[in-house]
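Printed here is work_19.txt (compact mmCIF, C-alpha atoms (C1' of nucleotides)):
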```txt
# COMPACT_ATOMS: atom_id res chain seq x y z
CA MET V 13 -270.71 104.40 -148.16
CA ASN V 14 -268.19 102.57 -146.07
CA LEU V 15 -264.60 103.31 -145.38
CA SER V 16 -262.72 100.05 -145.01
CA LYS V 17 -260.78 99.24 -141.88
CA ARG V 18 -257.73 99.27 -144.08
CA SER V 19 -258.20 102.92 -144.93
CA GLU V 20 -259.24 103.78 -141.44
CA TYR V 21 -256.12 102.24 -139.95
CA ALA V 22 -253.93 103.80 -142.59
CA LEU V 23 -255.25 107.25 -141.83
CA ARG V 24 -254.98 106.79 -138.09
CA ALA V 25 -251.39 105.67 -138.50
CA LEU V 26 -250.55 108.60 -140.76
CA ILE V 27 -252.10 111.02 -138.33
CA ASP V 28 -250.04 109.51 -135.54
CA LEU V 29 -246.90 109.79 -137.59
CA GLY V 30 -247.77 113.39 -138.30
CA ILE V 31 -248.33 114.13 -134.63
CA ALA V 32 -245.15 112.36 -133.66
CA ARG V 33 -243.11 114.31 -136.15
CA GLU V 34 -244.59 117.51 -134.86
CA LEU V 35 -243.32 116.51 -131.44
CA ASP V 36 -239.85 115.74 -132.74
CA ARG V 37 -240.26 112.03 -132.79
CA PRO V 38 -240.17 111.42 -136.49
CA ILE V 39 -239.90 107.64 -136.29
CA LEU V 40 -242.45 105.33 -134.75
CA GLN V 41 -242.38 101.57 -134.64
CA VAL V 42 -245.25 99.50 -135.84
CA GLY V 43 -245.69 98.21 -132.30
CA GLU V 44 -246.14 101.70 -130.89
CA LEU V 45 -248.65 102.59 -133.55
CA ALA V 46 -250.60 99.39 -133.03
CA ALA V 47 -250.62 99.85 -129.28
CA LYS V 48 -251.77 103.44 -129.40
CA GLU V 49 -254.53 102.81 -131.89
CA GLN V 50 -255.38 99.32 -130.68
CA LEU V 51 -254.86 97.73 -134.04
CA PRO V 52 -253.72 94.23 -134.98
CA ILE V 53 -250.04 94.59 -135.50
CA LYS V 54 -249.52 92.36 -138.50
CA PHE V 55 -252.41 93.86 -140.35
CA LEU V 56 -251.10 97.33 -139.71
CA GLU V 57 -247.71 96.23 -140.94
CA GLN V 58 -249.23 95.27 -144.27
CA ILE V 59 -250.95 98.58 -144.55
CA LEU V 60 -247.78 100.48 -143.76
CA THR V 61 -245.99 98.53 -146.46
CA GLN V 62 -248.64 99.64 -148.89
CA LEU V 63 -248.16 103.21 -147.78
CA ARG V 64 -244.44 102.85 -148.24
CA LEU V 65 -244.78 101.52 -151.78
CA ALA V 66 -246.95 104.50 -152.58
CA GLY V 67 -244.38 106.90 -151.16
CA TYR V 68 -246.22 108.11 -148.10
CA VAL V 69 -243.93 106.66 -145.49
CA GLU V 70 -240.37 105.50 -145.37
CA THR V 71 -238.84 102.91 -143.13
CA LYS V 72 -235.69 102.19 -141.27
CA ARG V 73 -234.90 98.62 -140.40
CA GLY V 74 -233.10 97.17 -137.47
CA LYS V 75 -232.78 98.53 -133.99
CA LEU V 76 -234.22 102.03 -133.61
CA GLY V 77 -235.97 101.47 -136.88
CA GLY V 78 -239.56 102.24 -137.67
CA TYR V 79 -241.80 104.24 -139.89
CA ALA V 80 -241.76 107.93 -140.68
CA LEU V 81 -243.58 110.19 -143.08
CA ALA V 82 -241.78 110.30 -146.38
CA LYS V 83 -242.94 113.80 -147.27
CA PRO V 84 -244.29 116.92 -145.63
CA ALA V 85 -247.67 116.36 -144.04
CA ALA V 86 -248.97 119.34 -145.96
CA ARG V 87 -248.45 117.45 -149.19
CA ILE V 88 -250.38 114.38 -148.17
CA LYS V 89 -253.95 114.59 -149.38
CA LEU V 90 -256.26 112.31 -147.49
CA GLY V 91 -258.41 111.67 -150.51
CA ALA V 92 -255.45 110.20 -152.32
CA VAL V 93 -254.70 107.89 -149.45
CA ILE V 94 -258.24 106.59 -149.42
CA ARG V 95 -258.20 106.11 -153.16
CA LEU V 96 -255.01 104.13 -152.84
CA LEU V 97 -256.46 101.73 -150.32
CA ASP V 98 -260.15 101.64 -151.10
CA GLY V 99 -260.41 102.66 -154.72
CA PRO V 100 -262.48 105.54 -156.06
CA LEU V 101 -264.36 107.89 -153.78
CA ALA V 102 -267.43 107.87 -156.00
CA PRO V 103 -270.43 105.87 -154.81
CA ILE V 104 -270.90 104.46 -158.30
CA ALA V 105 -268.31 104.05 -161.03
CA CYS V 106 -270.13 106.14 -163.62
CA VAL V 107 -269.52 109.30 -161.60
CA SER V 108 -265.90 108.65 -160.73
CA GLN V 109 -263.40 111.21 -162.02
CA THR V 110 -260.39 109.00 -161.46
CA ALA V 111 -261.82 105.63 -162.47
CA TYR V 112 -264.83 106.23 -164.64
CA ARG V 113 -266.69 103.20 -165.92
CA ARG V 114 -269.90 103.17 -167.82
CA CYS V 115 -272.84 101.77 -165.95
CA THR V 116 -275.69 99.72 -167.29
CA CYS V 117 -278.25 102.48 -167.41
CA PRO V 118 -279.55 103.09 -170.92
CA ASP V 119 -278.96 106.83 -171.07
CA GLU V 120 -276.31 108.27 -168.83
CA ALA V 121 -277.02 111.84 -169.77
CA HIS V 122 -280.55 111.62 -168.46
CA CYS V 123 -280.06 109.34 -165.51
CA GLY V 124 -281.47 110.90 -162.38
CA LEU V 125 -279.52 108.64 -160.11
CA ARG V 126 -276.32 109.62 -161.80
CA MET V 127 -276.96 113.30 -161.28
CA LEU V 128 -277.60 112.71 -157.63
CA MET V 129 -274.56 110.55 -157.13
CA LEU V 130 -272.37 112.96 -158.99
CA ASP V 131 -273.39 115.52 -156.45
CA VAL V 132 -272.51 113.17 -153.62
CA ARG V 133 -269.18 112.24 -155.11
CA ASN V 134 -268.23 115.89 -155.62
CA SER V 135 -269.15 116.64 -152.08
CA ILE V 136 -267.00 113.84 -150.74
CA ALA V 137 -264.11 114.66 -153.02
CA ARG V 138 -264.26 118.34 -152.17
CA ILE V 139 -263.64 117.50 -148.55
CA LEU V 140 -261.15 114.69 -148.90
CA ASP V 141 -259.11 116.10 -151.74
CA ARG V 142 -258.68 119.41 -149.98
CA ALA V 143 -257.88 117.99 -146.56
CA THR V 144 -254.20 117.50 -145.91
CA LEU V 145 -252.59 115.48 -143.21
CA ALA V 146 -251.03 118.65 -141.86
CA GLN V 147 -254.43 120.22 -141.28
CA ILE V 148 -255.74 117.22 -139.42
CA VAL V 149 -252.64 116.98 -137.30
CA GLU V 150 -252.79 120.63 -136.43
CA ILE V 151 -256.43 120.56 -135.45
CA THR V 152 -255.95 117.44 -133.41
CA LEU V 153 -253.00 118.84 -131.51
CA ARG V 154 -254.76 122.11 -130.87
CA LYS V 155 -257.81 120.34 -129.48
CA MET V 156 -255.75 118.10 -127.28
CA ARG V 157 -253.84 121.01 -125.85
CA ARG V 158 -256.91 123.12 -125.35
CA ASP V 159 -258.53 120.29 -123.41
CA LYS V 160 -255.33 119.57 -121.51
CA VAL V 161 -255.30 115.98 -122.68
CA PRO V 162 -251.92 114.27 -122.54
CA VAL V 163 -250.46 114.32 -126.02
CA PRO V 164 -249.32 110.94 -127.32
CA PHE V 165 -245.76 110.27 -128.44
CA ALA V 166 -244.41 113.10 -126.37
CA ARG V 167 -241.15 111.98 -124.86
CA HIS V 168 -242.15 111.70 -121.24
CA SER V 169 -240.21 108.52 -120.48
CA PHE V 170 -236.63 109.60 -120.58
CA GLY V 171 -234.69 106.52 -121.42
CA LEU V 172 -231.21 106.50 -122.77
CA ASN V 173 -232.38 106.67 -126.36
CA ASP V 174 -234.45 109.73 -125.73
CA LEU V 175 -231.60 111.55 -124.09
CA LEU V 176 -229.26 110.64 -126.86
CA SER V 177 -231.56 111.72 -129.66
CA ALA V 178 -232.47 114.92 -127.83
CA THR V 179 -228.81 115.79 -127.47
CA ARG V 180 -228.18 114.96 -131.09
CA LYS V 181 -231.00 117.21 -132.15
CA LYS V 182 -229.88 120.14 -130.04
CA THR V 183 -226.36 120.04 -131.32
CA ALA V 184 -227.69 119.68 -134.84
CA THR V 185 -229.94 122.70 -134.71
CA ALA V 186 -227.60 124.80 -132.66
CA MET O 11 -267.65 104.75 -150.32
CA ASN O 12 -269.65 102.36 -152.43
CA LEU O 13 -273.32 102.22 -153.12
CA SER O 14 -274.36 98.59 -153.46
CA LYS O 15 -276.03 97.32 -156.59
CA ARG O 16 -279.01 96.64 -154.40
CA SER O 17 -279.42 100.30 -153.57
CA GLU O 18 -278.61 101.36 -157.08
CA TYR O 19 -281.27 99.12 -158.56
CA ALA O 20 -283.78 100.14 -155.93
CA LEU O 21 -283.31 103.80 -156.71
CA ARG O 22 -283.44 103.27 -160.44
CA ALA O 23 -286.67 101.33 -160.03
CA LEU O 24 -288.18 103.98 -157.80
CA ILE O 25 -287.25 106.71 -160.24
CA ASP O 26 -288.88 104.75 -163.03
CA LEU O 27 -292.00 104.28 -160.98
CA GLY O 28 -292.02 107.98 -160.28
CA ILE O 29 -291.63 108.83 -163.95
CA ALA O 30 -294.30 106.36 -164.93
CA ARG O 31 -296.73 107.76 -162.46
CA GLU O 32 -296.07 111.24 -163.74
CA LEU O 33 -297.04 109.94 -167.18
CA ASP O 34 -300.25 108.38 -165.87
CA ARG O 35 -298.97 104.87 -165.84
CA PRO O 36 -298.91 104.28 -162.11
CA ILE O 37 -298.28 100.54 -162.32
CA LEU O 38 -295.24 98.88 -163.84
CA GLN O 39 -294.43 95.21 -163.92
CA VAL O 40 -291.15 93.89 -162.73
CA GLY O 41 -290.42 92.72 -166.25
CA GLU O 42 -290.78 96.22 -167.66
CA LEU O 43 -288.57 97.67 -165.00
CA ALA O 44 -285.93 95.02 -165.49
CA ALA O 45 -286.00 95.46 -169.25
CA LYS O 46 -285.71 99.23 -169.15
CA GLU O 47 -282.91 99.26 -166.63
CA GLN O 48 -281.25 96.05 -167.81
CA LEU O 49 -281.40 94.40 -164.45
CA PRO O 50 -281.68 90.73 -163.48
CA ILE O 51 -285.36 90.22 -162.99
CA LYS O 52 -285.34 87.94 -159.97
CA PHE O 53 -282.89 90.09 -158.12
CA LEU O 54 -284.96 93.14 -158.80
CA GLU O 55 -288.01 91.28 -157.55
CA GLN O 56 -286.31 90.72 -154.23
CA ILE O 57 -285.43 94.35 -153.96
CA LEU O 58 -288.95 95.45 -154.76
CA THR O 59 -290.25 93.15 -152.07
CA GLN O 60 -287.95 94.86 -149.62
CA LEU O 61 -289.25 98.23 -150.76
CA ARG O 62 -292.80 96.99 -150.31
CA LEU O 63 -292.16 95.79 -146.78
CA ALA O 64 -290.77 99.21 -145.97
CA GLY O 65 -293.82 100.92 -147.40
CA TYR O 66 -292.28 102.52 -150.48
CA VAL O 67 -294.17 100.56 -153.09
CA GLU O 68 -297.37 98.60 -153.21
CA THR O 69 -298.25 95.73 -155.46
CA LYS O 70 -301.13 94.28 -157.34
CA ARG O 71 -301.04 90.64 -158.21
CA GLY O 72 -302.42 88.79 -161.15
CA LYS O 73 -303.03 89.99 -164.64
CA LEU O 74 -302.43 93.71 -165.04
CA GLY O 75 -300.65 93.62 -161.73
CA GLY O 76 -297.34 95.20 -160.93
CA TYR O 77 -295.64 97.69 -158.69
CA ALA O 78 -296.56 101.26 -157.91
CA LEU O 79 -295.33 103.90 -155.51
CA ALA O 80 -297.15 103.59 -152.21
CA LYS O 81 -296.83 107.25 -151.33
CA PRO O 82 -296.27 110.61 -152.97
CA ALA O 83 -292.84 110.87 -154.55
CA ALA O 84 -292.29 114.08 -152.63
CA ARG O 85 -292.37 112.13 -149.40
CA ILE O 86 -289.76 109.60 -150.41
CA LYS O 87 -286.33 110.66 -149.19
CA LEU O 88 -283.55 108.98 -151.06
CA GLY O 89 -281.31 108.88 -148.03
CA ALA O 90 -283.85 106.76 -146.22
CA VAL O 91 -284.02 104.31 -149.09
CA ILE O 92 -280.26 103.90 -149.11
CA ARG O 93 -280.21 103.45 -145.36
CA LEU O 94 -282.82 100.76 -145.67
CA LEU O 95 -280.84 98.75 -148.19
CA ASP O 96 -277.24 99.57 -147.39
CA GLY O 97 -277.25 100.64 -143.79
CA PRO O 98 -275.90 103.93 -142.45
CA LEU O 99 -274.63 106.66 -144.74
CA ALA O 100 -271.67 107.40 -142.52
CA PRO O 101 -268.26 106.18 -143.70
CA ILE O 102 -267.47 104.93 -140.21
CA ALA O 103 -269.88 103.90 -137.48
CA CYS O 104 -268.62 106.39 -134.89
CA VAL O 105 -269.98 109.31 -136.92
CA SER O 106 -273.33 107.80 -137.79
CA GLN O 107 -276.37 109.69 -136.51
CA THR O 108 -278.76 106.83 -137.07
CA ALA O 109 -276.57 103.91 -136.04
CA TYR O 110 -273.77 105.21 -133.87
CA ARG O 111 -271.26 102.73 -132.57
CA ARG O 112 -268.13 103.45 -130.68
CA CYS O 113 -264.93 102.79 -132.55
CA THR O 114 -261.67 101.49 -131.20
CA CYS O 115 -259.86 104.78 -131.09
CA PRO O 116 -258.71 105.69 -127.60
CA ASP O 117 -260.18 109.18 -127.46
CA GLU O 118 -263.10 109.94 -129.69
CA ALA O 119 -263.26 113.60 -128.76
CA HIS O 120 -259.77 114.21 -130.07
CA CYS O 121 -259.73 111.86 -133.03
CA GLY O 122 -258.72 113.71 -136.16
CA LEU O 123 -260.08 111.05 -138.42
CA ARG O 124 -263.43 111.23 -136.74
CA MET O 125 -263.69 114.98 -137.26
CA LEU O 126 -262.94 114.54 -140.92
CA MET O 127 -265.37 111.70 -141.40
CA LEU O 128 -268.08 113.54 -139.55
CA ASP O 129 -267.70 116.24 -142.11
CA VAL O 130 -267.99 113.73 -144.91
CA ARG O 131 -271.02 112.04 -143.41
CA ASN O 132 -272.80 115.37 -142.93
CA SER O 133 -272.07 116.29 -146.47
CA ILE O 134 -273.49 113.05 -147.79
CA ALA O 135 -276.51 113.15 -145.52
CA ARG O 136 -277.24 116.76 -146.40
CA ILE O 137 -277.63 115.77 -150.01
CA LEU O 138 -279.37 112.46 -149.65
CA ASP O 139 -281.70 113.35 -146.81
CA ARG O 140 -282.90 116.46 -148.58
CA ALA O 141 -283.33 114.89 -152.00
CA THR O 142 -286.79 113.52 -152.66
CA LEU O 143 -287.86 111.18 -155.38
CA ALA O 144 -290.13 113.89 -156.72
CA GLN O 145 -287.19 116.22 -157.30
CA ILE O 146 -285.20 113.61 -159.15
CA VAL O 147 -288.16 112.63 -161.28
CA GLU O 148 -288.88 116.21 -162.15
CA ILE O 149 -285.32 117.01 -163.12
CA THR O 150 -285.02 113.86 -165.15
CA LEU O 151 -288.22 114.51 -167.07
CA ARG O 152 -287.29 118.12 -167.72
CA LYS O 153 -283.90 117.11 -169.07
CA MET O 154 -285.37 114.44 -171.30
CA ARG O 155 -287.92 116.81 -172.75
CA ARG O 156 -285.43 119.59 -173.25
CA ASP O 157 -283.17 117.23 -175.17
CA LYS O 158 -286.11 115.77 -177.07
CA VAL O 159 -285.29 112.29 -175.90
CA PRO O 160 -288.17 109.81 -176.06
CA VAL O 161 -289.61 109.52 -172.59
CA PRO O 162 -289.89 105.96 -171.27
CA PHE O 163 -293.20 104.45 -170.16
CA ALA O 164 -295.17 106.88 -172.26
CA ARG O 165 -298.06 105.02 -173.80
CA HIS O 166 -297.03 105.06 -177.43
CA SER O 167 -298.18 101.56 -178.30
CA PHE O 168 -301.93 101.79 -178.31
CA GLY O 169 -303.10 98.32 -177.44
CA LEU O 170 -306.56 97.54 -176.23
CA ASN O 171 -305.61 98.06 -172.62
CA ASP O 172 -304.25 101.48 -173.29
CA LEU O 173 -307.38 102.57 -175.09
CA LEU O 174 -309.55 101.23 -172.35
CA SER O 175 -307.68 102.87 -169.55
CA ALA O 176 -307.43 106.12 -171.47
CA THR O 177 -311.17 106.15 -171.98
CA ARG O 178 -311.72 105.30 -168.36
CA LYS O 179 -309.49 108.13 -167.35
CA LYS O 180 -311.19 110.65 -169.60
CA THR O 181 -314.63 109.80 -168.38
CA ALA O 182 -313.40 109.86 -164.83
CA THR O 183 -311.85 113.30 -165.03
CA ALA O 184 -314.54 114.81 -167.23
C1' DG C 2 -222.99 87.97 -134.10
C1' DC C 3 -227.17 89.13 -131.78
C1' DC C 4 -231.36 91.21 -131.42
C1' DA C 5 -234.87 94.26 -132.81
C1' DT C 6 -237.23 95.62 -136.51
C1' DC C 7 -239.13 95.72 -141.00
C1' DT C 8 -240.44 92.51 -145.42
C1' DC C 9 -242.57 89.20 -148.08
C1' DT C 10 -245.60 85.43 -149.19
C1' DA C 11 -249.20 82.70 -148.06
C1' DG C 12 -253.19 81.15 -145.87
C1' DT C 13 -257.66 81.45 -143.34
C1' DC C 14 -262.26 82.27 -142.21
C1' DG C 15 -266.48 84.51 -142.04
C1' DA C 16 -269.45 87.90 -144.20
C1' DT C 17 -271.23 90.07 -147.97
C1' DT C 18 -272.65 90.65 -152.72
C1' DA C 19 -275.06 89.62 -156.47
C1' DG C 20 -277.37 86.89 -158.00
C1' DT C 21 -280.53 81.83 -159.41
C1' DA C 22 -284.13 78.54 -158.94
C1' DG C 23 -288.48 77.06 -158.27
C1' DA C 24 -292.67 76.05 -156.05
C1' DG C 25 -296.61 78.78 -154.18
C1' DT C 26 -300.44 82.21 -154.25
C1' DA C 27 -303.49 85.92 -155.75
C1' DT C 28 -306.06 88.18 -159.48
C1' DC C 29 -308.52 88.92 -163.51
C1' DA C 30 -310.10 88.17 -168.41
C1' DG C 31 -312.93 85.59 -170.75
C1' DC P 30 -314.24 78.49 -163.28
C1' DT P 31 -310.21 78.07 -165.52
C1' DG P 32 -305.95 79.41 -167.25
C1' DA P 33 -302.60 82.77 -167.86
C1' DT P 34 -300.16 86.25 -165.68
C1' DA P 35 -297.77 88.37 -162.21
C1' DC P 36 -296.24 88.83 -157.57
C1' DT P 37 -294.28 85.96 -153.12
C1' DC P 38 -291.50 83.26 -150.40
C1' DT P 39 -287.72 80.38 -149.24
C1' DA P 40 -283.65 78.44 -150.19
C1' DC P 41 -279.41 78.00 -152.32
C1' DT P 42 -274.75 79.35 -154.32
C1' DA P 43 -270.55 80.92 -156.30
C1' DA P 44 -267.35 84.34 -156.05
C1' DT P 45 -265.29 87.94 -153.99
C1' DC P 46 -263.75 90.75 -150.26
C1' DG P 47 -262.41 92.19 -145.77
C1' DA P 48 -259.89 91.58 -141.96
C1' DC P 49 -256.93 89.48 -140.26
C1' DT P 50 -252.93 85.51 -138.80
C1' DA P 51 -248.55 83.03 -139.39
C1' DG P 52 -243.97 82.52 -140.12
C1' DA P 53 -239.66 82.49 -142.43
C1' DG P 54 -236.44 86.04 -144.35
C1' DA P 55 -233.73 90.29 -144.77
C1' DT P 56 -231.41 94.27 -142.68
C1' DG P 57 -229.16 97.35 -139.67
C1' DG P 58 -227.13 99.03 -135.33
C1' DC P 59 -224.33 97.91 -131.61
```

How does the structure come out when it is put into structure tokens?
Amino acid sequence: MNLSKRSEYALRALIDLGIARELDRPILQVGELAAKEQLPIKFLEQILTQLRLAGYVETKRGKLGGYALAKPAARIKLGAVIRLLDGPLAPIACVSQTAYRRCTCPDEAHCGLRMLMLDVRNSIARILDRATLAQIVEITLRKMRRDKVPVPFARHSFGLNDLLSATRKKTATA
Amino acid sequence: MNLSKRSEYALRALIDLGIARELDRPILQVGELAAKEQLPIKFLEQILTQLRLAGYVETKRGKLGGYALAKPAARIKLGAVIRLLDGPLAPIACVSQTAYRRCTCPDEAHCGLRMLMLDVRNSIARILDRATLAQIVEITLRKMRRDKVPVPFARHSFGLNDLLSATRKKTATA
DNA sequence: GCCATCTCTAGTCGATTAGTAGAGTATCAG
DNA sequence: CTGATACTCTACTAATCGACTAGAGATGGC
């Protein structure tokens, strides 16, 4: 019943991107993400590319480039992300809704194991297909604030870039 | 979120043993099990040995030997069987109750992914740790009878052995 | 044009999965 | 007591997968 590292890293990165956007830092570089989550940078890069091809993130190259969510966090279902990277949620293929495959048991309709696993798969899918990135981000932020933990990606180091983008934003929304 | 073939075969074999016992055929040979479930015989043998070492089945060697459940089906929790063969139920180690291990995320208490996966793991465990072999066997048998499907392992071929054991049984219970 | 950043392709290395093979040992019928 | 039958134990393997690593290439801002 394992989640692969691939999926784990993908979700952690997406959550970070969601948090960052919430804090008005829509773009993060792969290096920042890797540092914050302690992930191997090149591996994470691959994963982000996969997320890009699937339309979850978009990228900007060159200086001040990076990765950003490509759509509203509320429209990113975590189940779909896991399916993209790890394949079906179902423990065995004969109970998968999205990638059904017959198993070797002689009579599927009366297979006790199948009934049980169908139950498990529905339970997993109910959670993961309902959960959106926005929900996770919101809960995470709320918990961090409640516990007075420093929130990541907040712009505490005011370098030139930060000042510039802050100014740009203010004038834009004004 | 995969169940390994190992676990799948183990559960199918246990269910068969449970059904067989219910039909007064407490002992099945590995060949019968493999034939009914279409499994590679030597692989299944290995798995059954593992189940024996863990106390789920017991064996009789020699002619008329085979495998039988070593305890009441009601006391066999399917979650425990899967844990034995596949390891923890949890999708990631940092939410496992039986085999917790810290993950690399910087702050476990405020990790959104962890909260989500904890939910998933509890959901899986709730099903698999409650489900007993007896329940599965009962449901399976009921379904097969309701649909008038021929029940496996019923003694329809009356060979000498069957007659003998039937007689023995009658005299014993009389 | 320079540098930071993403992009693409390939390779690596160990672990795991799903088996096979075969000699050994216990049991029971006859 | 002997032979057939069935489990037991150890070893091996081939393929796949998971989790990276490496490095040259493309792109964009300044």

Which residues of chain P come within 9 Å of range 10-30 of chain C, and for each one, what is the closest pair of atoms and their distance in Å to one decimal, counting all atoms listed in the file, sorted by chain and residue number, as a Markdown table?
```
| residue | atom | partner | partner_atom | distance |
| --- | --- | --- | --- | --- |
| P:DT34 | C1' | C:DT28 | C1' | 8.8 |
| P:DA35 | C1' | C:DT28 | C1' | 8.7 |
| P:DC36 | C1' | C:DA27 | C1' | 8.0 |
| P:DT37 | C1' | C:DT26 | C1' | 7.3 |
| P:DC38 | C1' | C:DG25 | C1' | 7.8 |
| P:DA40 | C1' | C:DA22 | C1' | 8.8 |
| P:DC41 | C1' | C:DT21 | C1' | 8.1 |
| P:DT42 | C1' | C:DT21 | C1' | 8.1 |
| P:DA44 | C1' | C:DT18 | C1' | 8.9 |
| P:DT45 | C1' | C:DT18 | C1' | 7.9 |
| P:DC46 | C1' | C:DT17 | C1' | 7.9 |
| P:DG47 | C1' | C:DA16 | C1' | 8.4 |
| P:DC49 | C1' | C:DT13 | C1' | 8.6 |
| P:DT50 | C1' | C:DT13 | C1' | 7.7 |
| P:DA51 | C1' | C:DG12 | C1' | 8.2 |
```

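Distances from O:Val40, O:Ala141, O:Leu33, O:Leu74 to chain C were compared using all atoms listed in the file, and the smallest one belongs to O:Leu74.
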
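CA of Pro162 in chain V is found 28.7 Å from CA of Ile94 in chain V.
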
Quick one: pull the distance between CA of Leu128 in chain V and CA of Arg85 in chain O, Å, one decimal.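 Answer for the CA of Leu128 in chain V to CA of Arg85 in chain O separation: 16.9 Å.
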
**OP:** One decimal, Å: what's the distance from C1' of DG31 in chain C over to C1' of DG32 in chain P, could you say?
**Re:**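 These atoms are spaced 10.0 Å apart.
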
*Pairing every Cα of chain O with chain V in order, what RMSD remains after the least-squares superposition?*
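Fitting chain O to chain V over paired C-alpha atoms yields 0.3 Å.
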
Identify the residues within 12 Å of coordinate (-287.1, 90.6, -154.8) (same frame as the file), considering all atoms listed in the file, and give the answer as an MDAnalysis selection string.
(chainID O and resid 16 19:20 23 40 44 49:63 77) or (chainID C and resid 20:21) or (chainID P and resid 36:39)

Please check which residues have atoms at most 9 Å from (-237.1, 94.8, -130.8) in the file's coordinates, counting only C-alpha atoms (C1' of nucleotides), and write them as a ChimeraX atom specification.
/V:74-76 /C:4-6

Next, dump the selected residues to file, keeping only C-alpha atoms (C1' of nucleotides), as an mmCIF file, in the coordinates of the input.
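Below you can see selection_13.cif, which holds the result:
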```cif
data_model
loop_
_atom_site.group_PDB
_atom_site.id
_atom_site.type_symbol
_atom_site.label_atom_id
_atom_site.label_comp_id
_atom_site.auth_asym_id
_atom_site.auth_seq_id
_atom_site.Cartn_x
_atom_site.Cartn_y
_atom_site.Cartn_z
ATOM 1 C CA GLY V 74 -233.100 97.170 -137.470
ATOM 2 C CA LYS V 75 -232.780 98.530 -133.990
ATOM 3 C CA LEU V 76 -234.220 102.030 -133.610
ATOM 4 C "C1'" DC C 4 -231.360 91.210 -131.420
ATOM 5 C "C1'" DA C 5 -234.870 94.260 -132.810
ATOM 6 C "C1'" DT C 6 -237.230 95.620 -136.510
#
```

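Residues surrounding Thr110 in chain V within 7 Å are Pro100, Ser108 and Tyr112 of chain V [only C-alpha atoms (C1' of nucleotides); sequence separation below 2 positions excluded].
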
Around all listed atoms of range 11-22 of chain C, padded 5 Å per side, what centre and edge lengths does the axis-aligned box have in Å to one decimal, as lines of an AutoDock Vina configuration file?
```
center_x = -266.7
center_y = 84.6
center_z = -150.7
size_x = 44.9
size_y = 22.1
size_z = 27.4
```

Go through chain V and flag each residue having an atom no more than 9 Å from chain O; for those, report the closest pair of atoms plus their distance in Å to one decimal, using only C-alpha atoms, ordered by chain and rising number, as CSV.
```
residue,atom,partner,partner_atom,distance
V:Met13,CA,O:Met11,CA,3.8
V:Asn14,CA,O:Pro101,CA,4.3
V:Leu15,CA,O:Pro101,CA,4.9
V:Ser16,CA,O:Ile102,CA,8.3
V:Lys17,CA,O:Ile102,CA,8.9
V:Glu20,CA,O:Leu123,CA,7.9
V:Leu23,CA,O:Leu123,CA,7.0
V:Arg24,CA,O:Leu123,CA,6.7
V:Ile27,CA,O:Gly122,CA,7.5
V:Lys48,CA,O:Pro116,CA,7.5
V:Glu49,CA,O:Cys115,CA,5.7
V:Gln50,CA,O:Thr114,CA,6.7
V:Leu51,CA,O:Thr114,CA,8.3
V:Asp98,CA,O:Met11,CA,8.2
V:Gly99,CA,O:Met11,CA,8.7
V:Pro100,CA,O:Met11,CA,7.8
V:Leu101,CA,O:Met11,CA,5.7
V:Ala102,CA,O:Met11,CA,6.5
V:Pro103,CA,O:Asn12,CA,4.3
V:Ile104,CA,O:Leu13,CA,6.1
V:Ala105,CA,O:Asn12,CA,8.9
V:Thr116,CA,O:Gln48,CA,6.7
V:Cys117,CA,O:Glu47,CA,5.7
V:Pro118,CA,O:Glu47,CA,6.7
V:Ala121,CA,O:Lys153,CA,8.7
V:His122,CA,O:Thr150,CA,6.0
V:Cys123,CA,O:Thr150,CA,6.7
V:Gly124,CA,O:Thr150,CA,5.4
V:Leu125,CA,O:Arg22,CA,6.7
V:Met127,CA,O:Ile146,CA,8.5
V:Leu128,CA,O:Ile146,CA,7.8
V:Asp131,CA,O:Ile137,CA,7.7
V:Val132,CA,O:Ile134,CA,5.9
V:Arg133,CA,O:Ile134,CA,8.5
V:Ser135,CA,O:Ser133,CA,6.3
V:Ile136,CA,O:Val130,CA,5.9
V:Ile139,CA,O:Val130,CA,6.8
V:Leu140,CA,O:Val130,CA,8.0
V:Ala143,CA,O:Leu126,CA,8.3
V:Ile148,CA,O:Gly122,CA,5.6
V:Val149,CA,O:Gly122,CA,7.0
V:Ile151,CA,O:Gly122,CA,7.3
V:Thr152,CA,O:Gly122,CA,5.4
V:Leu153,CA,O:His120,CA,8.3
V:Lys155,CA,O:His120,CA,6.5
V:Met156,CA,O:His120,CA,6.3
V:Val161,CA,O:His120,CA,8.8
```

Note to self: Restricting the calculation to all atoms listed in the file: of V:Val163, V:Ala146, V:Ala86, V:Gly78, which residue gets closest to chain C?
What the structure shows: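 Of V:Val163, V:Ala146, V:Ala86, V:Gly78, the one nearest chain C is V:Gly78, counting all atoms listed in the file.
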
Nearest to Ile88 in chain V by atom-to-atom distance, counting only C-alpha atoms, from V:Leu45, V:Val107, V:Ala66, V:Ala32 =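 Distance minimum relative to Ile88 in chain V lands on V:Ala66.
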
Got a sec: who's within 10 Å of Arg33 in chain V, counting all atoms listed in the file, leaving out chain neighbours fewer than 5 positions off, as a compact mmCIF listing (two decimals) with C-alpha atoms, in the coordinates of the input?
```
# COMPACT_ATOMS: atom_id res chain seq x y z
CA ILE V 27 -252.10 111.02 -138.33
CA ASP V 28 -250.04 109.51 -135.54
CA PRO V 38 -240.17 111.42 -136.49
CA ILE V 39 -239.90 107.64 -136.29
CA LEU V 40 -242.45 105.33 -134.75
CA ALA V 80 -241.76 107.93 -140.68
CA LEU V 81 -243.58 110.19 -143.08
CA PRO V 84 -244.29 116.92 -145.63
CA ALA V 85 -247.67 116.36 -144.04
CA VAL V 149 -252.64 116.98 -137.30
CA PHE V 165 -245.76 110.27 -128.44
CA ALA V 166 -244.41 113.10 -126.37
```
